[in-house]
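Undergrad: My questions will all concern the structure given below.
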Amino acid sequence: MINQKFIEKIREDFPFFYNQVHPPIYFDNACTSLKPFSVIEAQKEYFEKFSACAERSSHALSEELTKRIEKARQKIAKFIGAKKPEEIIFTKNATEAINLIAFSFNFKEGDLVLTSDKEHNSNLLPWLFQVKKRKIRHRIIPSKPDNTFDFEKFEEILNQEKNIRLLSIVQTSNLDGHTFPVKEIIKIAHQKGILVLLDSTQTVPHQPVNVKDLDTDFLVFSGHKMLGPPGIGVLYGKLELLEKLDPFLLGGGTVSNSFYSDYHLLKPPQKFEAGIQNYSGILGLEAAVDYLEKIGFQKIREQEELLNSYITEKLLEFPEIEIIGPKNPKERGSIISFIIKNKDSQEVALLLEEISKIYVRAGQFCVHSWFNARQIKSAVRASFYFYNTLEEAEIFIKTIERIIKL
Amino acid sequence: MACLVALIIFSFLGIFSISYRKLAKEALDCLFRKFSLRPCEADFQLKIKSKVIGYFARKNFKGTNFIYRQYETLVSVFSLIFLIIFLISGYFSGKGLYNLIVYGYCDLTNPKRCPFGQGEICIFSDEMIIKELNMPPPLDASVALIYQRLPTIIQKRILIRAFQELSPNDLPQFEQLLKEGDGFKIQKFLSKKIPHFKTIIDQELKRLKKDVLESLDLDY
């Protein structure tokens, strides 16, 4: 079991805990994580020391920034096991990265895109839009009743359908924290010649992800959920695929030359990074990766499992509570979403805040489609990170018990 | 009505804290929506409910569960009480406004609060006398001066009548009250001791009007 004193020490790295005598209990990490001092400092460093344009001007400041950005790209590539740094494209966030693929992919009318039935709006709406705009088709792979991946249904669809071009699927769901067995899913998809895009926004902050090992074609994630700043995200793509892909945005930094009637695109990643980039965000993300590597995913996982196991065990003692997704906390990573019978989830969230200053999320977590299909109004979601403590989990349980008794 | 209660409470609390000011703004928005026959934001109502329940729960108040379960009823009752208070205060405010417009600033019962004509036992202001007696507007400075003196004249006339009407036993107390100069106490005393005190006032007002109009006729 992870030493809780180690966690207490870690908390000193976060201004959120450091600046308050009785800090609130932050259990909304699936929405966004807290930021350590090192990330804030890295961003500050850009504004104070390298406030220039990368890859454009030839002066020392610009050259220094270019080096720093490329170093960050290499770091992030290594972090997710990409073969080359060119396979890392900086975007605004995971949403933009998915949209980049949706808009740039050379779909033809009638092509089919598959998604799971519990995708975040970011991995549903871009495809629905393409259905309207480019007349492609979109089909849902239904999950099992416990929200785990249904291989039978998947294979059934693969055998039924033709022209399946892309499987765009969430790796770890923000709805229930369950991680799909994507390695097997990708293997099956590739056997049928289907490309795979993974939405790993909830995975990369919590467990090691290796794109080479997974053999995924594309993968996206956001910086702000993994201690990094908001406004920076990553699209990973196999270089040979990125080279074939058209850019989503065009402008400064994407071309080697342009004329009144034509232009010459640069190679990836530059051709996808139009305009001045979020340099401070990139440096902040690099610092976040440094910090996560320093802590290590084993410890992160251990602490999250400890908290989720404790909370799950206690919540299951209340017959009024229904957990969304698998009952086993080890299958739900750092998230527990639940419904309290006869209680409004929004009200539960507000009461958690009012009674014990616990911040959770209530609602449909941008997975409206899943809730609407099941006619469930909303749920409460508590999501942890390694800096949350067992003591906080105990307060959470006591408060939930108090709310249930109301 | 819950938003009206919330608006009143949070507007008051908002004087001290910015967080309550935000809630007051939301309450105002909610009230506006109610008046425009649109449903109030569900979030706001829940927010208020949780604030109330959270407050009691933090204090380990034993009645928290009751308040939670009967919240809607309690809000309705409180809203009704606030509505009644609101209507009553509205009535008095309206009456006060009417009096202000009709009689001017002088408070008949408390001369010390009179913004004008302090120092004397203010029972009537000149504006009030002019309106009450339906006097023509003063055409020159000398008439205006007479008008200004009317309150003093009428007060003195009433006081003389009071001296005549009071029994000898009541006179020392009356003189003492005059020395204190509290118009409200004097009026209360006279109303108590002289059953037809209001008639005396009416008679003196009529007599004064007659006298003034006659003197004005002579002058004009």
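A note on labels: chains of the structure tokens are A, B, ... as shown, every chain counts residues from 1, and ligands are counted from 1 in their shown order.
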Distance limit 9 Å, atoms considered: only C-alpha atoms. Which chain B residues sit that close to chain A? Return them as a ChimeraX atom specification.

TA: /B:43,46-47,49-58,64-66,68-69

Undergrad: Do you know which residues are at most 9 Å from region 71-80 of chain B counting only C-alpha atoms, after dropping those on the same chain fewer than 4 positions away, and could you put them as number ranges by chain?

TA: B: 1-5, 49, 53, 66-67, 84-85

Undergrad: Next, dump the selected residues to file, keeping only N, CA and C atoms, as a JSON list (two decimals), in the first residue's frame.

TA:
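File result02.json, as written:
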```
[["chain", "number", "residue", "atom", "x", "y", "z"],
["B", 1, "MET", "N", -42.43, 32.37, -5.27],
["B", 1, "MET", "CA", -42.23, 33.29, -4.15],
["B", 1, "MET", "C", -40.90, 33.06, -3.44],
["B", 2, "ALA", "N", -40.36, 31.84, -3.64],
["B", 2, "ALA", "CA", -39.07, 31.53, -3.01],
["B", 2, "ALA", "C", -38.00, 32.50, -3.49],
["B", 3, "CYS", "N", -38.11, 32.89, -4.76],
["B", 3, "CYS", "CA", -37.08, 33.79, -5.28],
["B", 3, "CYS", "C", -37.23, 35.19, -4.68],
["B", 4, "LEU", "N", -38.47, 35.56, -4.31],
["B", 4, "LEU", "CA", -38.66, 36.86, -3.66],
["B", 4, "LEU", "C", -37.99, 36.84, -2.28],
["B", 5, "VAL", "N", -38.23, 35.74, -1.57],
["B", 5, "VAL", "CA", -37.60, 35.60, -0.24],
["B", 5, "VAL", "C", -36.08, 35.62, -0.40],
["B", 49, "LYS", "N", -31.61, 25.64, -1.99],
["B", 49, "LYS", "CA", -32.00, 24.54, -1.09],
["B", 49, "LYS", "C", -30.76, 23.93, -0.46],
["B", 53, "ILE", "N", -29.87, 23.62, 3.47],
["B", 53, "ILE", "CA", -29.69, 22.30, 4.09],
["B", 53, "ILE", "C", -28.24, 22.13, 4.55],
["B", 66, "PHE", "N", -35.91, 17.09, 8.74],
["B", 66, "PHE", "CA", -37.27, 17.61, 8.62],
["B", 66, "PHE", "C", -37.30, 18.77, 7.62],
["B", 67, "ILE", "N", -36.34, 19.67, 7.77],
["B", 67, "ILE", "CA", -36.29, 20.83, 6.87],
["B", 67, "ILE", "C", -36.12, 20.35, 5.42],
["B", 84, "ILE", "N", -47.11, 38.58, 2.79],
["B", 84, "ILE", "CA", -48.02, 39.38, 3.62],
["B", 84, "ILE", "C", -47.29, 40.62, 4.14],
["B", 85, "ILE", "N", -46.06, 40.39, 4.66],
["B", 85, "ILE", "CA", -45.27, 41.52, 5.16],
["B", 85, "ILE", "C", -45.01, 42.52, 4.03]]
```

Undergrad: What are the DSSP helix (DSSP H, G or I) residues of region 89-290 of chain A, as number ranges by chain?

TA: A: 94-104, 121-123, 125-134, 151-160, 182-191, 211-214, 224-226, 239-244, 270-272, 279-290

Undergrad: Considering only C-alpha atoms, can you say which of A:Ser51, A:Val170, A:Lys78, A:Glu63 comes closest to Asp290 (chain A)?

TA: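 Among A:Ser51, A:Val170, A:Lys78, A:Glu63, it is A:Lys78 that comes nearest to Asp290 (chain A).
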
Undergrad: Please provide the set of residues having any atom within 6 Å of region 105-122 of chain A, restricted to only C-alpha atoms, with same-chain residues fewer than 5 positions apart removed, written as JSON, numbers by chain.

TA: {"A": [95, 135, 136, 137, 138, 139, 140, 141, 142, 163, 164, 165, 166, 167, 168, 169, 366, 367, 370]}

Undergrad: Choose the residue, out of A:Phe272, A:Tyr263, A:Tyr18, A:Phe151, that has the smallest atom-to-atom separation from Ile188 (chain A); count only C-alpha atoms.

TA: A:Phe151

Undergrad: Going by DSSP on the backbone, which bits of region 238-381 of chain A are strand (DSSP E or B)? Write them as a list in words, please.

TA: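 DSSP on the backbone gives strand (DSSP E or B) at Val255, Ser256, Asn257, Ser258, Tyr263, His264, Leu265, Ile321, Glu322, Ile323, Ile335, Ile336, Ser337, Phe338, Ile339, Ile340, Ile358, Tyr359, Arg361, Ala362, Gly363, Ala379, Val380 and Arg381 of chain A.
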
Undergrad: Write out as a list of chain:residue names the residues lying within 12 Å of Gln173 (chain B), counting only C-alpha atoms and excluding same-chain residues fewer than 2 positions away.

TA: B:Phe163, B:Leu166, B:Ser167, B:Pro168, B:Asn169, B:Asp170, B:Leu171, B:Glu175, B:Gln176, B:Leu177, B:Leu178, B:Lys179, B:Glu180, B:Lys185, B:Ile186, B:Phe189, B:Leu190, B:Lys193

Undergrad: Would you save the residues from that selection as a PDB file, in the first residue's frame, using C-alpha atoms?

TA:
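Result file follows (selection21.pdb):
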```pdb
ATOM      1  CA  PHE B 163     -56.467  75.216  27.808  1.00  0.00           C
ATOM      2  CA  LEU B 166     -58.893  70.839  30.015  1.00  0.00           C
ATOM      3  CA  SER B 167     -59.806  70.392  33.645  1.00  0.00           C
ATOM      4  CA  PRO B 168     -57.662  72.272  36.212  1.00  0.00           C
ATOM      5  CA  ASN B 169     -56.194  68.938  37.367  1.00  0.00           C
ATOM      6  CA  ASP B 170     -54.831  68.241  33.900  1.00  0.00           C
ATOM      7  CA  LEU B 171     -53.239  71.642  33.375  1.00  0.00           C
ATOM      8  CA  GLU B 175     -47.849  72.617  30.805  1.00  0.00           C
ATOM      9  CA  GLN B 176     -45.092  70.121  31.462  1.00  0.00           C
ATOM     10  CA  LEU B 177     -45.696  68.496  28.091  1.00  0.00           C
ATOM     11  CA  LEU B 178     -45.579  71.877  26.382  1.00  0.00           C
ATOM     12  CA  LYS B 179     -42.206  72.510  27.978  1.00  0.00           C
ATOM     13  CA  GLU B 180     -40.931  69.177  26.668  1.00  0.00           C
ATOM     14  CA  LYS B 185     -47.194  63.249  23.370  1.00  0.00           C
ATOM     15  CA  ILE B 186     -49.162  66.504  23.391  1.00  0.00           C
ATOM     16  CA  PHE B 189     -52.608  63.698  25.797  1.00  0.00           C
ATOM     17  CA  LEU B 190     -55.158  66.061  24.319  1.00  0.00           C
ATOM     18  CA  LYS B 193     -58.352  64.201  27.844  1.00  0.00           C
TER      19      LYS B 193
END
```

Undergrad: If we count only C-alpha atoms, what is near region 274-281 of chain A at a cut-off of 7 Å, once residues fewer than 6 positions away on the same chain are taken out, given as an MDAnalysis selection string?

TA: chainID A and resid 43 46 53 229 231:232 249:254

Undergrad: Could you tell me how far CA of Tyr385 (chain A) lies from CA of Phe16 (chain A), in Å and to one decimal?

TA: 13.6 Å

Undergrad: I'd like the neighbourhood of Leu239 (chain A) as a PDB file with N, CA and C atoms, in the first residue's frame, where a residue qualifies if any of its atoms comes within 12 Å (using only C-alpha atoms), though same-chain residues fewer than 6 positions away should be ignored.

TA:
```pdb
ATOM      1  N   ALA A  82       5.803   6.998 -28.971  1.00  0.00           N
ATOM      2  CA  ALA A  82       5.776   7.240 -30.421  1.00  0.00           C
ATOM      3  C   ALA A  82       7.174   7.027 -30.994  1.00  0.00           C
ATOM      4  N   LYS A  83       7.197   6.568 -32.236  1.00  0.00           N
ATOM      5  CA  LYS A  83       8.500   6.295 -32.859  1.00  0.00           C
ATOM      6  C   LYS A  83       9.271   7.591 -33.097  1.00  0.00           C
ATOM      7  N   LYS A  84       8.570   8.586 -33.592  1.00  0.00           N
ATOM      8  CA  LYS A  84       9.242   9.829 -33.971  1.00  0.00           C
ATOM      9  C   LYS A  84       8.512  11.046 -33.405  1.00  0.00           C
ATOM     10  N   PRO A  85       9.253  12.103 -33.082  1.00  0.00           N
ATOM     11  CA  PRO A  85       8.568  13.312 -32.583  1.00  0.00           C
ATOM     12  C   PRO A  85       7.633  13.942 -33.615  1.00  0.00           C
ATOM     13  N   GLU A  86       7.902  13.677 -34.904  1.00  0.00           N
ATOM     14  CA  GLU A  86       7.040  14.243 -35.960  1.00  0.00           C
ATOM     15  C   GLU A  86       5.621  13.690 -35.893  1.00  0.00           C
ATOM     16  N   GLU A  87       5.481  12.629 -35.151  1.00  0.00           N
ATOM     17  CA  GLU A  87       4.141  12.027 -35.042  1.00  0.00           C
ATOM     18  C   GLU A  87       3.277  12.737 -33.989  1.00  0.00           C
ATOM     19  N   ILE A  88       3.880  13.689 -33.336  1.00  0.00           N
ATOM     20  CA  ILE A  88       3.155  14.449 -32.298  1.00  0.00           C
ATOM     21  C   ILE A  88       2.744  15.797 -32.872  1.00  0.00           C
ATOM     22  N   ILE A  89       1.450  16.031 -32.882  1.00  0.00           N
ATOM     23  CA  ILE A  89       0.924  17.313 -33.369  1.00  0.00           C
ATOM     24  C   ILE A  89       0.259  18.024 -32.202  1.00  0.00           C
ATOM     25  N   THR A 216      -1.955   1.646 -32.358  1.00  0.00           N
ATOM     26  CA  THR A 216      -3.063   2.520 -32.773  1.00  0.00           C
ATOM     27  C   THR A 216      -2.599   3.443 -33.902  1.00  0.00           C
ATOM     28  N   ASP A 217      -3.549   3.816 -34.726  1.00  0.00           N
ATOM     29  CA  ASP A 217      -3.194   4.677 -35.858  1.00  0.00           C
ATOM     30  C   ASP A 217      -3.188   6.141 -35.450  1.00  0.00           C
ATOM     31  N   PHE A 218      -4.154   6.489 -34.626  1.00  0.00           N
ATOM     32  CA  PHE A 218      -4.230   7.852 -34.099  1.00  0.00           C
ATOM     33  C   PHE A 218      -4.572   7.772 -32.614  1.00  0.00           C
ATOM     34  N   LEU A 245      -2.611  12.665 -44.810  1.00  0.00           N
ATOM     35  CA  LEU A 245      -3.776  13.423 -44.317  1.00  0.00           C
ATOM     36  C   LEU A 245      -3.691  14.898 -44.717  1.00  0.00           C
ATOM     37  N   LYS A 267       5.966  19.165 -44.141  1.00  0.00           N
ATOM     38  CA  LYS A 267       5.678  17.797 -43.684  1.00  0.00           C
ATOM     39  C   LYS A 267       5.064  17.862 -42.290  1.00  0.00           C
ATOM     40  N   PRO A 268       4.499  16.753 -41.839  1.00  0.00           N
ATOM     41  CA  PRO A 268       4.023  16.737 -40.452  1.00  0.00           C
ATOM     42  C   PRO A 268       5.206  16.893 -39.502  1.00  0.00           C
ATOM     43  N   PRO A 269       5.079  17.490 -38.387  1.00  0.00           N
ATOM     44  CA  PRO A 269       3.833  17.993 -37.815  1.00  0.00           C
ATOM     45  C   PRO A 269       3.475  19.413 -38.264  1.00  0.00           C
TER      46      PRO A 269
END
```

Undergrad: Just how far from CA of Phe371 (chain A) is CA of Trp127 (chain A), in Å to one decimal?

TA: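 So the answer is 18.9 Å.
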
Undergrad: Using only C-alpha atoms, determine which residues lie at most 12 Å from Phe6 (chain A), disregarding the query and same-chain residues fewer than 4 positions distant; provide the list as a list of chain:residue names.

TA: A:Met1, A:Ile2, A:Ile10, A:Arg11, A:Glu12, A:Asp13, A:Ile295, A:Lys299, A:Ile300, A:Gln303, A:Phe386, A:Tyr387, A:Asn388, A:Thr389
